[in-house]
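Notes follow once the structure below has been shown.
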Amino acid sequence: NAGVTQTPKFRVLKTGQSMTLLCAQDMNHEYMYWYRQDPGMGLRLIHYSVGEGTTAKGEVPDGYNVSRLKKQNFLLGLESAAPSQTSVYFCASSGDRGRSGQPQHFGDGTRLSIL
Amino acid sequence: SQQGEEDPQALSIQEGENATMNCSYKTSINNLQWYRQNSGRGLVHLILIRSNEREKHSGRLRVTLDTSKKSSSLLITASRAADTASYFCATSTQGGSEKLVFGKGTKLTVNP
C-alpha cells in the first residue's frame, strides 16, 4: 500500500527554470494538498483541491500553479523558479467528502533547491 | 498565518520520562490534530480531538483540549528513543475543505 507518493525526491534548479512536482495517492481520497516547509516556519498551505477538476489557493500561492485532472494525482508547478522557493514540499491527501475531521496522509517530501 | 503555536520549541528528556507539549491557537476550531515528523520524512497523524471533546487516549499518547483557553496538550508517557521527532499541532477551522493550519512544532529528543 503506497499511500502518497511524491516525485522527484530531490531537485536542483536554476533561477528562472520551470518544473512540475507530482503527487499520487492510491487511497481514493477526495482532498489533496500541497505544503511547503521552511526551517522554523512549520508547514504552510500552498494550494489544495476538494475533488477532481477543482483547485483553490492556500496561504502562500504566489509563484505556484496546480492541476488535478485525475482524482489520484495533484501536480504543483513552478513556472519561473526563484531562490525564495527553495524549500521542502509536501503533498497530503485526506478522505471522504462529507465527513469532517479526517487525518491527512503525507508523502515523504520533495527537497527543492533553487540556485 | 500560524494558528497553532507549540511550546516548548525544543524538549530533551531521558528514556522512560514523560514528555508534555502544548499548543495554543487563536480562533474557534472544529478539531485539533497532532502529527509526528521523523527527520527527513513526511508527517504522520497521531490523534484527533474534536471541539466537543476534552481528552483522548491512544496507546502512550494522551491529548487534552481546553476550548475556553484555546489550548491543547500532548503527553507521551514512558518515552522511548524512537519517540525522537518533531511534533506539530494542526487546527481545522472550517468543514468541507478540511484545511489544516499547522504550528511550528516541538522538537523532542529522547536520550537513551
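Residues are named by chain letter and number: chains run A, B, ... in the order of the C-alpha cells, numbers start at 1 in each chain, and ligands are numbered from 1 in the order shown.
Near region 67-84 of chain B, within a cut-off of 7 Å and counting only C-alpha atoms, sit the residues Glu15, Gly16, Glu17, Asn18, Ala19, Thr20, Met21, Asn22, Cys23, Ser24, Tyr25, Lys26, Ser51, Arg60, Leu61, Arg62, Val63, Thr64, Leu108, Thr109, Val110, Asn111 and Pro112 of chain B, with same-chain residues fewer than 3 positions away left out.
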Provide as a PDB file with C-alpha atoms, in the first residue's frame the residues of chain B at most 9 Å from chain A, counting only C-alpha atoms.
ATOM      1  CA  SER B   1      -0.573  32.828   9.255  1.00  0.00           C
ATOM      2  CA  GLN B   2       0.156  30.337  12.038  1.00  0.00           C
ATOM      3  CA  ASN B  30     -13.728  22.173  14.632  1.00  0.00           C
ATOM      4  CA  ASN B  31     -10.961  19.823  15.654  1.00  0.00           C
ATOM      5  CA  LEU B  32      -7.299  19.751  16.592  1.00  0.00           C
ATOM      6  CA  GLN B  33      -4.838  17.140  15.383  1.00  0.00           C
ATOM      7  CA  GLY B  40      13.687  13.609   6.607  1.00  0.00           C
ATOM      8  CA  ARG B  41      10.200  12.119   6.448  1.00  0.00           C
ATOM      9  CA  GLY B  42       6.637  13.255   5.987  1.00  0.00           C
ATOM     10  CA  LEU B  43       4.192  13.926   8.795  1.00  0.00           C
ATOM     11  CA  VAL B  44       2.311  11.070  10.386  1.00  0.00           C
ATOM     12  CA  HIS B  45      -1.068  11.567  12.021  1.00  0.00           C
ATOM     13  CA  LEU B  46      -1.165  10.669  15.717  1.00  0.00           C
ATOM     14  CA  ILE B  47      -4.509  11.677  17.162  1.00  0.00           C
ATOM     15  CA  LEU B  48      -7.513  13.919  16.513  1.00  0.00           C
ATOM     16  CA  ILE B  49      -9.647  15.580  19.165  1.00  0.00           C
ATOM     17  CA  ARG B  50     -12.907  17.314  18.318  1.00  0.00           C
ATOM     18  CA  PHE B  88       3.051  19.504  15.308  1.00  0.00           C
ATOM     19  CA  SER B  92      -9.260  22.771  11.444  1.00  0.00           C
ATOM     20  CA  GLY B  95     -15.579  21.989   7.497  1.00  0.00           C
ATOM     21  CA  GLY B  96     -15.879  20.740   3.936  1.00  0.00           C
ATOM     22  CA  SER B  97     -12.481  21.635   2.584  1.00  0.00           C
ATOM     23  CA  GLU B  98     -10.724  20.045   5.543  1.00  0.00           C
ATOM     24  CA  LYS B  99      -7.931  22.597   5.550  1.00  0.00           C
ATOM     25  CA  LEU B 100      -5.480  22.436   8.431  1.00  0.00           C
ATOM     26  CA  VAL B 101      -3.281  25.192   9.833  1.00  0.00           C
ATOM     27  CA  PHE B 102      -0.075  23.885  11.386  1.00  0.00           C
ATOM     28  CA  GLY B 103       2.031  25.242  14.213  1.00  0.00           C
ATOM     29  CA  LYS B 104       5.817  25.480  14.078  1.00  0.00           C
ATOM     30  CA  GLY B 105       6.361  22.298  16.065  1.00  0.00           C
TER      31      GLY B 105
END
message: Based on the backbone DSSP call, show me all residues of chain B assigned strand (DSSP E or B), as a ChimeraX atom specification.
response: /B:5-7,10-14,19-24,31-37,43-50,55-58,61-66,71-76,85-92,101-102,106-111
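Taking CA of Ser113 (chain A) and CA of Phe74 (chain A) as endpoints, the distance between them is 20.8 Å.
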task: Just the residues within 7 Å of Gly77 (chain A), please, counting only C-alpha atoms, with nothing from its chain fewer than 4 positions along; format it as a ChimeraX atom specification.
output: /A:19-21,64-66
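The interatomic distance for the pair CA of Glu6 (chain B) and CA of Cys89 (chain B) works out to 7.1 Å.
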- prompt: Quick one, how far is CA of Arg36 (chain B) from CA of Glu55 (chain B)?
  reply: 18.8 Å
Non-local contacts of Lys70 (chain A) (10 Å; only C-alpha atoms; under 3 positions in same chain excluded) as an mmCIF file with N, CA and C atoms, in the first residue's frame:
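The resulting file, part_18.cif, is reproduced below:
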data_model
loop_
_atom_site.group_PDB
_atom_site.id
_atom_site.type_symbol
_atom_site.label_atom_id
_atom_site.label_comp_id
_atom_site.auth_asym_id
_atom_site.auth_seq_id
_atom_site.Cartn_x
_atom_site.Cartn_y
_atom_site.Cartn_z
ATOM 1 N N ALA A 24 0.905 11.486 -6.142
ATOM 2 C CA ALA A 24 -0.068 10.453 -6.463
ATOM 3 C C ALA A 24 -0.501 9.756 -5.187
ATOM 4 N N GLY A 51 -11.540 18.026 -4.912
ATOM 5 C CA GLY A 51 -12.017 16.965 -5.780
ATOM 6 C C GLY A 51 -11.431 17.116 -7.173
ATOM 7 N N GLU A 52 -11.597 16.074 -7.976
ATOM 8 C CA GLU A 52 -11.082 16.086 -9.344
ATOM 9 C C GLU A 52 -11.590 17.316 -10.089
ATOM 10 N N GLY A 53 -10.660 18.006 -10.748
ATOM 11 C CA GLY A 53 -11.020 19.171 -11.542
ATOM 12 C C GLY A 53 -11.143 20.468 -10.759
ATOM 13 N N SER A 67 -2.751 21.553 -10.737
ATOM 14 C CA SER A 67 -3.822 20.946 -11.536
ATOM 15 C C SER A 67 -4.190 19.604 -10.933
ATOM 16 N N ASN A 73 -4.137 12.206 -8.765
ATOM 17 C CA ASN A 73 -2.919 12.985 -8.969
ATOM 18 C C ASN A 73 -3.141 14.459 -8.695
ATOM 19 N N PHE A 74 -2.113 15.098 -8.121
ATOM 20 C CA PHE A 74 -2.167 16.536 -7.868
ATOM 21 C C PHE A 74 -0.791 17.089 -8.215
ATOM 22 N N LEU A 75 -0.731 17.956 -9.217
ATOM 23 C CA LEU A 75 0.532 18.466 -9.724
ATOM 24 C C LEU A 75 0.769 19.889 -9.235
#
